[in-house]
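A.B. asks: The structure that follows is given in the form of C-alpha cells.
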Amino acid sequence: MELSLRLEAVMEGVLVTGTATAGLEGECVRCLEPISEPTEVALQELFVYDDSDIEDDDEEGVFRLDGDLLDLEPLLRDGIVLSLPFQPLCRDDCPGLCIECGARLADDPGHQHEEPIDPRWAGLAALVEESDGPSDRSATGEAGPRGPEPKRSE
Ligand SMILES: [Zn+2]
Ligand SMILES: [Zn+2]
C-alpha cells in the first residue's frame with residue numbers, strides 16, 4: 001500500500017488529506033478469474049486533538065489524535081472498504097463461464113456446444129426422431145458425449 005498524505009495543522013487538530021493506493025486481490029464474480037488491480041482511495045479526515053472538548057454526541061466517527069500519533073488504520077480501512085466494488089468483474093462485460101463445461105467465455109467468444117444441425121442432415125434427423133418416437137429418446141444411442149449414460153444391466 002502506498003500513501004500520499006498531507007498533514008495540515010488546523011484549529012481543532014490535524015487535517016489529513018491525500019490518497020492511498022492499494023493493490024486489491026479478488027476474483028471476478030462471473031468467471032472467477034483472479035483480479036489484482038490497484039485502487040486509489042481519496043482520503044480526507046480531521047483528527048482532533050485528544051484533549052479537545054468535542055461533544056460526546058459527536059464522538060461517533062471522530063478520529064482523535066493519540067498524543068502526537070495519527071492512527072491511520074481505521075481511516076484507511078474505511079476508505080478502502082468503501083471503494084471496493086460490490087461485485088468485482090475482470091471486465092465490465094465479462095461473459096462469465098460456459099454453463100456446460102466451465103470454460104471461460106472471455107477467452108473463447110465463439111464457444112458453444114450445441115452444434116447446429118447441418119441442413120443436409122436435418123431431414124434425416126427428423127426421420128430418425130420419427131421412427132424412434134419422441135417418448136424414448138435415450139434409446140437412440142447417439143446422444144453425444146454429454147448424453148445420458150446408458151443403463152447398466154447386470
Ligand atoms: Zn470475469
Ligand atoms: Zn463449454
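FYI, nothing fancy with the C-alpha cells labels: chains A, B, ... in order, residues from 1 per chain, ligands from 1 as they appear.
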Kindly compile the residues surrounding ligand 1 within 6 Å, counting only C-alpha atoms and all ligand atoms, and format them as a PyMOL selection string.

C.D. replies: chain A and resi 28+30-31+33+89-90+94+96

A.B. asks: Those residues you just picked out, can you put them in a file as a PDB file, in the first residue's frame with C-alpha atoms?

C.D. replies:
ATOM      1  CA  CYS A  28     -14.390 -11.957 -10.902  1.00  0.00           C
ATOM      2  CA  ARG A  30     -18.730 -14.214 -13.143  1.00  0.00           C
ATOM      3  CA  CYS A  31     -15.705 -16.138 -14.307  1.00  0.00           C
ATOM      4  CA  GLU A  33     -10.615 -15.010 -12.867  1.00  0.00           C
ATOM      5  CA  LEU A  89     -15.607  -8.107 -12.502  1.00  0.00           C
ATOM      6  CA  CYS A  90     -12.490  -8.817 -14.538  1.00  0.00           C
ATOM      7  CA  CYS A  94     -17.361 -10.318 -18.697  1.00  0.00           C
ATOM      8  CA  GLY A  96     -18.693 -15.437 -17.490  1.00  0.00           C
TER       9      GLY A  96
END

A.B. asks: Can you pull out the residues contacting region 67-74 of chain A? Cut-off 8 Å, using only C-alpha atoms, and skip same-chain residues under 6 positions away; I want them as number ranges by chain.

C.D. replies: A: 47, 49-50

A.B. asks: Would you mind exporting the chosen residues as a PDB file, in the first residue's frame, restricted to N, CA and C atoms?

C.D. replies:
ATOM      1  N   PHE A  47      -8.331  14.746  12.266  1.00  0.00           N
ATOM      2  CA  PHE A  47      -8.014  14.112  13.546  1.00  0.00           C
ATOM      3  C   PHE A  47      -8.002  15.201  14.602  1.00  0.00           C
ATOM      4  N   TYR A  49      -7.604  16.947  18.283  1.00  0.00           N
ATOM      5  CA  TYR A  49      -6.676  16.793  19.410  1.00  0.00           C
ATOM      6  C   TYR A  49      -7.331  15.982  20.517  1.00  0.00           C
ATOM      7  N   ASP A  50      -6.518  15.225  21.152  1.00  0.00           N
ATOM      8  CA  ASP A  50      -7.013  14.319  22.183  1.00  0.00           C
ATOM      9  C   ASP A  50      -7.783  15.070  23.264  1.00  0.00           C
TER      10      ASP A  50
END

A.B. asks: All residues within 7 Å of ligand 2 are required, counting only C-alpha atoms and all ligand atoms; please report them as a list of chain:residue names.

C.D. replies: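 Within the 7 Å cut-off, the matching residues are A:Cys98, A:Ile99, A:Glu100, A:Cys101, A:Gly102, A:Ala103, A:His111, A:Gln112, A:His113.
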
A.B. asks: Keeping only C-alpha atoms, write the selected residues as a PDB file, in the first residue's frame.

C.D. replies:
ATOM      1  CA  CYS A  98     -19.758 -21.699 -20.045  1.00  0.00           C
ATOM      2  CA  ILE A  99     -22.585 -23.326 -18.115  1.00  0.00           C
ATOM      3  CA  GLU A 100     -21.825 -26.609 -19.860  1.00  0.00           C
ATOM      4  CA  CYS A 101     -18.125 -27.051 -19.271  1.00  0.00           C
ATOM      5  CA  GLY A 102     -16.946 -24.080 -17.238  1.00  0.00           C
ATOM      6  CA  ALA A 103     -14.702 -22.695 -19.945  1.00  0.00           C
ATOM      7  CA  HIS A 111     -17.508 -21.115 -27.555  1.00  0.00           C
ATOM      8  CA  GLN A 112     -20.626 -23.228 -27.817  1.00  0.00           C
ATOM      9  CA  HIS A 113     -21.684 -26.825 -27.534  1.00  0.00           C
TER      10      HIS A 113
END

A.B. asks: What is the CA of Asp93 (chain A)-CA of Thr21 (chain A) distance in Å, reported with one decimal?

C.D. replies: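 CA of Thr21 (chain A) lies 25.1 Å from CA of Asp93 (chain A).
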
A.B. asks: Grab the CA of Ala106 (chain A) to CA of Thr39 (chain A) distance for me, in Å with one decimal place.

C.D. replies: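 Going from CA of Ala106 (chain A) over to CA of Thr39 (chain A), I get 23.3 Å.
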
A.B. asks: Between region 27-114 of chain A and region 12-15 of chain A, at 8 Å or less, what are the per-residue closest atom pairs and their distances in Å? Count only C-alpha atoms, order by chain and rising residue number, and return it as a tab-separated table.

C.D. replies:
residue	atom	partner	partner_atom	distance
A:Gln44	CA	A:Leu15	CA	7.2
A:Glu45	CA	A:Leu15	CA	5.9
A:Leu46	CA	A:Leu15	CA	4.3
A:Phe47	CA	A:Val14	CA	5.1
A:Val48	CA	A:Gly13	CA	4.1
A:Tyr49	CA	A:Gly13	CA	4.8
A:Ser52	CA	A:Glu12	CA	7.0
A:Leu65	CA	A:Gly13	CA	7.6

A.B. asks: Could the residues in this selection be saved with N, CA and C atoms as a PDB file, in the first residue's frame?

C.D. replies:
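Result file follows (result24.pdb):
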ATOM      1  N   GLN A  44      -9.762  12.106   3.281  1.00  0.00           N
ATOM      2  CA  GLN A  44      -9.752  13.408   3.941  1.00  0.00           C
ATOM      3  C   GLN A  44     -10.422  13.242   5.290  1.00  0.00           C
ATOM      4  N   GLU A  45      -9.679  13.496   6.303  1.00  0.00           N
ATOM      5  CA  GLU A  45     -10.240  13.320   7.634  1.00  0.00           C
ATOM      6  C   GLU A  45      -9.562  14.271   8.599  1.00  0.00           C
ATOM      7  N   LEU A  46     -10.347  14.707   9.523  1.00  0.00           N
ATOM      8  CA  LEU A  46      -9.805  15.566  10.569  1.00  0.00           C
ATOM      9  C   LEU A  46      -9.560  14.727  11.820  1.00  0.00           C
ATOM     10  N   PHE A  47      -8.331  14.746  12.266  1.00  0.00           N
ATOM     11  CA  PHE A  47      -8.014  14.112  13.546  1.00  0.00           C
ATOM     12  C   PHE A  47      -8.002  15.201  14.602  1.00  0.00           C
ATOM     13  N   VAL A  48      -8.914  15.095  15.529  1.00  0.00           N
ATOM     14  CA  VAL A  48      -8.997  16.151  16.533  1.00  0.00           C
ATOM     15  C   VAL A  48      -8.003  15.890  17.647  1.00  0.00           C
ATOM     16  N   TYR A  49      -7.604  16.947  18.283  1.00  0.00           N
ATOM     17  CA  TYR A  49      -6.676  16.793  19.410  1.00  0.00           C
ATOM     18  C   TYR A  49      -7.331  15.982  20.517  1.00  0.00           C
ATOM     19  N   SER A  52      -9.322  17.935  22.984  1.00  0.00           N
ATOM     20  CA  SER A  52     -10.324  18.886  22.520  1.00  0.00           C
ATOM     21  C   SER A  52     -11.676  18.507  23.106  1.00  0.00           C
ATOM     22  N   LEU A  65      -6.453  12.296  17.700  1.00  0.00           N
ATOM     23  CA  LEU A  65      -5.010  12.141  17.809  1.00  0.00           C
ATOM     24  C   LEU A  65      -4.702  11.409  19.103  1.00  0.00           C
TER      25      LEU A  65
END
